[in-house]
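Content type compact mmCIF, C-alpha atoms, from the file target_29.txt:
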# COMPACT_ATOMS: atom_id res chain seq x y z
CA MET A 1 -16.81 13.27 -14.97
CA SER A 2 -16.71 10.32 -17.34
CA SER A 3 -20.28 9.03 -17.29
CA ILE A 4 -23.65 9.00 -15.53
CA ARG A 5 -25.13 5.60 -14.82
CA GLN A 6 -26.79 3.37 -12.26
CA ILE A 7 -24.46 1.58 -9.85
CA ARG A 8 -24.89 -0.95 -7.08
CA GLU A 9 -23.75 -0.41 -3.51
CA PRO A 10 -22.08 -3.29 -1.60
CA ASP A 11 -25.45 -4.20 -0.06
CA GLY A 12 -27.00 -4.50 -3.54
CA SER A 13 -29.07 -1.31 -3.43
CA ALA A 14 -28.99 0.97 -6.45
CA ILE A 15 -27.94 4.58 -6.92
CA ASP A 16 -29.62 6.02 -10.01
CA ASP A 17 -27.73 8.43 -12.26
CA ALA A 18 -24.54 8.17 -10.21
CA ILE A 19 -21.71 10.37 -11.44
CA GLN A 20 -18.62 8.40 -12.43
CA THR A 21 -15.42 10.37 -12.08
CA ASP A 22 -11.69 9.77 -12.44
CA ALA A 23 -10.98 12.32 -9.69
CA ALA A 24 -9.14 10.63 -6.81
CA ILE A 25 -11.50 9.64 -3.98
CA ASN A 26 -9.87 8.06 -0.93
CA PRO A 27 -11.07 7.02 2.55
CA GLY A 28 -12.15 10.18 4.35
CA ASN A 29 -13.43 11.83 1.16
CA SER A 30 -16.85 10.18 1.35
CA GLY A 31 -19.50 12.83 1.98
CA GLY A 32 -17.38 15.58 0.49
CA PRO A 33 -18.38 17.64 -2.57
CA LEU A 34 -17.60 16.79 -6.18
CA LEU A 35 -17.03 20.05 -8.05
CA ASN A 36 -17.21 20.91 -11.72
CA ARG A 37 -14.76 23.17 -13.53
CA GLY A 38 -16.70 26.24 -12.43
CA GLY A 39 -16.47 25.32 -8.75
CA GLU A 40 -20.12 24.29 -8.51
CA VAL A 41 -21.10 21.31 -6.40
CA ILE A 42 -22.49 18.63 -8.70
CA GLY A 43 -22.38 15.61 -6.41
CA ILE A 44 -21.54 14.06 -3.06
CA ASN A 45 -18.59 11.64 -3.12
CA THR A 46 -19.75 8.24 -1.94
CA MET A 47 -17.73 5.25 -3.14
CA ILE A 48 -14.91 3.91 -5.30
CA ALA A 49 -14.25 0.84 -7.40
CA SER A 50 -11.28 -0.71 -5.62
CA SER A 51 -10.15 -3.93 -3.97
CA VAL A 52 -7.53 -2.27 -1.78
CA GLY A 53 -9.37 0.70 -0.28
CA GLN A 54 -7.47 3.37 -2.19
CA SER A 55 -8.35 5.24 -5.37
CA ALA A 56 -7.95 3.08 -8.45
CA GLY A 57 -9.07 5.74 -10.89
CA ILE A 58 -12.84 5.23 -10.73
CA GLY A 59 -15.03 6.95 -8.17
CA PHE A 60 -18.74 7.65 -7.84
CA ALA A 61 -20.81 10.51 -6.45
CA ILE A 62 -24.48 10.88 -5.62
CA PRO A 63 -26.00 13.58 -7.90
CA ILE A 64 -26.56 16.86 -6.09
CA ASN A 65 -30.25 16.85 -7.04
CA THR A 66 -30.64 13.54 -5.21
CA ALA A 67 -29.04 15.10 -2.15
CA LYS A 68 -31.32 18.14 -2.41
CA ALA A 69 -34.35 15.84 -2.31
CA VAL A 70 -33.55 14.91 1.31
CA LEU A 71 -32.14 18.27 2.35
CA ASP A 72 -35.25 19.40 4.27
CA ASP A 73 -35.19 16.25 6.40
CA LEU A 74 -31.49 16.65 7.12
CA VAL A 75 -31.85 20.32 8.10
CA THR A 76 -34.98 19.97 10.25
CA LEU A 77 -34.48 16.46 11.69
CA GLY A 78 -30.79 15.77 11.26
CA ARG A 79 -31.63 12.54 9.44
CA VAL A 80 -33.55 11.22 6.44
CA ARG A 81 -36.94 9.67 7.07
CA ARG A 82 -36.32 6.42 5.24
CA PRO A 83 -39.45 4.32 4.90
CA ALA A 84 -39.67 0.85 6.41
CA LEU A 85 -41.81 -1.88 4.86
CA GLY A 86 -40.87 -4.61 7.31
CA VAL A 87 -40.54 -7.70 5.11
CA ARG A 88 -37.93 -10.23 4.08
CA THR A 89 -38.21 -11.25 0.44
CA LEU A 90 -36.95 -13.75 -2.10
CA PRO A 91 -36.66 -12.77 -5.80
CA ILE A 92 -38.65 -15.08 -8.06
CA GLY A 93 -37.78 -16.16 -11.62
CA PRO A 94 -39.56 -18.56 -14.01
CA GLU A 95 -37.77 -21.70 -12.79
CA LEU A 96 -38.37 -21.01 -9.11
CA ALA A 97 -41.95 -19.94 -9.77
CA ASP A 98 -42.58 -23.25 -11.52
CA GLN A 99 -41.05 -25.21 -8.65
CA LEU A 100 -43.17 -23.41 -6.07
CA GLY A 101 -46.34 -23.34 -8.17
CA LEU A 102 -46.65 -19.55 -8.03
CA ALA A 103 -49.21 -17.53 -9.97
CA ALA A 104 -46.56 -15.30 -11.63
CA ASP A 105 -43.03 -16.04 -12.84
CA TYR A 106 -41.54 -12.85 -11.40
CA GLY A 107 -41.76 -10.71 -8.31
CA LEU A 108 -40.68 -10.89 -4.68
CA LEU A 109 -41.95 -13.71 -2.50
CA ILE A 110 -42.50 -12.47 1.04
CA VAL A 111 -40.80 -15.00 3.29
CA GLN A 112 -41.27 -13.08 6.54
CA VAL A 113 -43.37 -10.15 7.74
CA ILE A 114 -41.86 -8.27 10.68
CA GLN A 115 -44.34 -8.19 13.55
CA GLY A 116 -45.80 -4.72 14.07
CA GLY A 117 -44.24 -3.35 10.88
CA ALA A 118 -45.97 -1.60 8.00
CA ALA A 119 -46.54 -4.78 6.00
CA ASP A 120 -47.91 -6.58 9.06
CA GLN A 121 -50.35 -3.77 9.79
CA ALA A 122 -51.50 -3.81 6.16
CA GLY A 123 -52.24 -7.53 6.35
CA LEU A 124 -49.45 -8.84 4.11
CA ARG A 125 -48.48 -12.43 4.81
CA GLY A 126 -45.11 -14.13 5.06
CA GLY A 127 -44.19 -17.76 4.48
CA SER A 128 -45.63 -20.59 6.53
CA GLU A 129 -43.72 -23.62 5.19
CA ARG A 130 -39.97 -24.28 5.19
CA ALA A 131 -38.26 -25.12 1.89
CA TYR A 132 -34.66 -25.30 0.69
CA ILE A 133 -33.33 -23.43 -2.32
CA SER A 134 -29.69 -24.17 -3.19
CA ASN A 135 -29.38 -25.56 0.36
CA TYR A 136 -30.60 -22.22 1.75
CA PRO A 137 -33.67 -22.54 4.02
CA VAL A 138 -36.54 -20.16 3.22
CA MET A 139 -40.15 -19.89 4.26
CA VAL A 140 -42.58 -20.22 1.35
CA GLY A 141 -46.33 -19.81 1.04
CA GLY A 142 -46.37 -16.05 1.59
CA ASP A 143 -47.69 -13.27 -0.63
CA LEU A 144 -45.98 -12.67 -3.97
CA LEU A 145 -45.33 -8.96 -4.58
CA ILE A 146 -45.37 -8.08 -8.29
CA ALA A 147 -45.88 -4.30 -8.41
CA VAL A 148 -45.81 -1.13 -6.31
CA ASP A 149 -47.82 1.89 -7.45
CA GLY A 150 -48.18 0.19 -10.82
CA GLU A 151 -44.43 -0.30 -11.30
CA ARG A 152 -43.38 -3.88 -11.97
CA ILE A 153 -41.19 -5.46 -9.29
CA GLU A 154 -38.73 -8.16 -10.31
CA THR A 155 -35.81 -7.70 -7.91
CA GLN A 156 -35.11 -6.43 -4.42
CA GLN A 157 -33.34 -3.49 -6.05
CA ASP A 158 -36.55 -2.58 -7.92
CA LEU A 159 -38.35 -2.40 -4.59
CA ALA A 160 -35.54 -0.43 -2.97
CA GLN A 161 -35.57 2.14 -5.79
CA ILE A 162 -39.29 2.72 -5.38
CA MET A 163 -39.04 2.93 -1.59
CA ASN A 164 -36.24 5.48 -1.91
CA LYS A 165 -38.71 7.81 -3.61
CA HIS A 166 -40.87 7.80 -0.48
CA ARG A 167 -40.66 8.86 3.14
CA ALA A 168 -41.99 7.31 6.33
CA GLY A 169 -45.73 7.97 6.52
CA ASP A 170 -46.34 7.74 2.76
CA THR A 171 -48.87 5.22 1.47
CA VAL A 172 -48.01 2.91 -1.42
CA HIS A 173 -50.30 0.57 -3.34
CA MET A 174 -48.99 -2.95 -3.76
CA THR A 175 -50.14 -5.61 -6.19
CA ILE A 176 -49.73 -9.12 -4.83
CA TYR A 177 -50.76 -12.70 -5.45
CA ARG A 178 -52.06 -14.58 -2.46
CA GLY A 179 -52.08 -18.09 -3.80
CA LYS A 180 -53.76 -17.70 -7.18
CA ARG A 181 -55.77 -14.63 -6.17
CA LYS A 182 -54.55 -11.22 -7.35
CA MET A 183 -55.02 -8.44 -4.79
CA GLU A 184 -54.33 -4.74 -4.28
CA VAL A 185 -53.10 -3.72 -0.82
CA SER A 186 -52.44 -0.21 0.52
CA VAL A 187 -49.47 0.04 2.88
CA ALA A 188 -48.63 3.04 5.07
CA LEU A 189 -44.84 3.02 5.28
CA GLY A 190 -43.35 3.07 8.74
CA LYS A 191 -40.07 4.18 10.29
CA PRO A 192 -37.03 1.93 10.59
CA GLU A 193 -36.69 0.64 14.12
CA SER A 194 -32.96 -0.07 14.02
CA LYS A 195 -29.82 1.52 12.71
CA HIS A 196 -28.91 0.49 9.19
CA ARG A 197 -25.58 -0.53 7.80
CA ARG A 198 -24.10 2.24 5.74
CA ALA A 199 -22.58 1.40 2.39
CA ALA A 200 -18.87 0.85 2.73
CA LEU A 201 -16.59 3.14 0.79
CA TRP A 202 -14.89 0.06 -0.63
CA PRO A 203 -15.01 -2.40 -2.24
CA CYS A 204 -17.71 -1.55 -4.76
CA GLY A 205 -19.72 -4.73 -5.21
CA PHE A 206 -21.98 -3.68 -8.06
CA ASP A 207 -23.36 -7.19 -8.48
CA SER A 208 -22.73 -8.50 -5.00
CA LEU A 209 -26.30 -9.63 -4.36
CA LYS A 210 -26.88 -13.16 -5.68
CA SER A 211 -30.64 -12.91 -5.50
CA ALA A 212 -31.34 -16.44 -6.73
CA THR A 213 -30.17 -17.91 -3.43
CA LEU A 214 -30.49 -15.12 -0.87
CA ALA A 215 -33.40 -13.72 1.04
CA SER A 216 -33.06 -10.04 1.96
CA GLU A 217 -34.81 -7.87 4.52
CA PHE A 218 -36.11 -4.60 3.16
CA ASP A 219 -36.47 -2.04 5.90
CA GLY A 220 -35.73 1.10 3.92
CA SER A 221 -31.98 1.08 4.25
Can the structure in the file be given as structure tokens, please?
Amino acid sequence: MSSIRQIREPDGSAIDDAIQTDAAINPGNSGGPLLNRGGEVIGINTMIASSVGQSAGIGFAIPINTAKAVLDDLVTLGRVRRPALGVRTLPIGPELADQLGLAADYGLLIVQVIQGGAADQAGLRGGSERAYISNYPVMVGGDLLIAVDGERIETQQDLAQIMNKHRAGDTVHMTIYRGKRKMEVSVALGKPESKHRRAALWPCGFDSLKSATLASEFDGS
């Protein structure tokens, strides 16, 4: 083990306190145990930093305590009850906020609310007008999400990290701006309705998400 730090998966989601190791991890090793010198399991091998799909000397494992947090679900259900919010969002910075005339210069602008999803049932609103950002079409005019359970939201990864602490059926409290009006909305998280793409073992795209020009759907994956 060489360090413990946050890393980004190829889809841009974060793994907190990932274990960095120089032990060789190759295709087929993902999901296997990472052991310490005493033979104790300290992590679950998950990905490598490589452009060729073979070990290049840097690998990463999910901490065993993170795995234990979902163990009950895996044993009783055979899967993890990931929460689904049912929105597509666009990260907002000062320049974009100024261009769109938003009430805050940070947060996630909801560009689409998935019909029948948790956000839809809670009354959150998506965009109603088409705009172009770096030649990428997005729907604007929706709610601006700035916090969840009092934690400031600036990026899609911030939201993903908070959602990963919850399970389907949990209720979260979201702070939004609807136009210039600040509101608090309670959302009962739902279940994902489709299979999610699993993080590839390689390559490790720690900064692959270019949030200034991409809208991303957050469904709990």
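With distances taken over all atoms listed in the file, A:Met183 is the one residue among A:Ala97, A:Ile44, A:Ala160, A:Met183 lying closest to Gly123 in chain A.
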Min atom-atom distance to Leu90 in chain A from the set A:Asn164, A:Ala24, A:Val140, A:Arg178, counting only C-alpha atoms, belongs to A:Val140
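Using all atoms listed in the file, the smallest distance between any of A:Gln99, A:Arg37, A:Asn65, A:Gly169 and Tyr132 in chain A comes from A:Gln99.
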Report the distance between CA of Thr171 in chain A and CA of Val75 in chain A in Å, rounded to one decimal place. 23.7 Å
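Closest approach to Leu189 in chain A from the set A:Pro137, A:Pro63, A:Gly107, A:Pro83 is made by A:Pro83, with distances taken over all atoms listed in the file.
Minimum atom-to-atom distances from A:Ile62, A:Ala84, A:Leu159, A:Leu74 to Val113 in chain A were compared using only C-alpha atoms, and the lowest value belongs to A:Ala84.
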Tell me, as a ChimeraX atom specification, which residues lie within 10 Å of Ala168 in chain A, counting only C-alpha atoms; anything in the same chain fewer than 6 positions away does not count. /A:80-85,118,188-192,220
Where's the centre, and what are the edge lengths in Å to one decimal, of a box along x, y and z enclosing all listed atoms of range 19-36 of chain A padded 4 Å per side, as lines of an AutoDock Vina configuration file?
center_x = -15.4
center_y = 14.0
center_z = -4.0
size_x = 20.6
size_y = 21.9
size_z = 24.8
Interface rows for range 12-88 of chain A against range 125-129 of chain A: nearest pair, Å to one decimal, 12 Å, all atoms listed in the file, as a tab-separated table:
residue	atom	partner	partner_atom	distance
A:Gly86	CA	A:Gly126	CA	10.7
A:Val87	CA	A:Gly126	CA	7.9
A:Arg88	CA	A:Gly126	CA	8.2
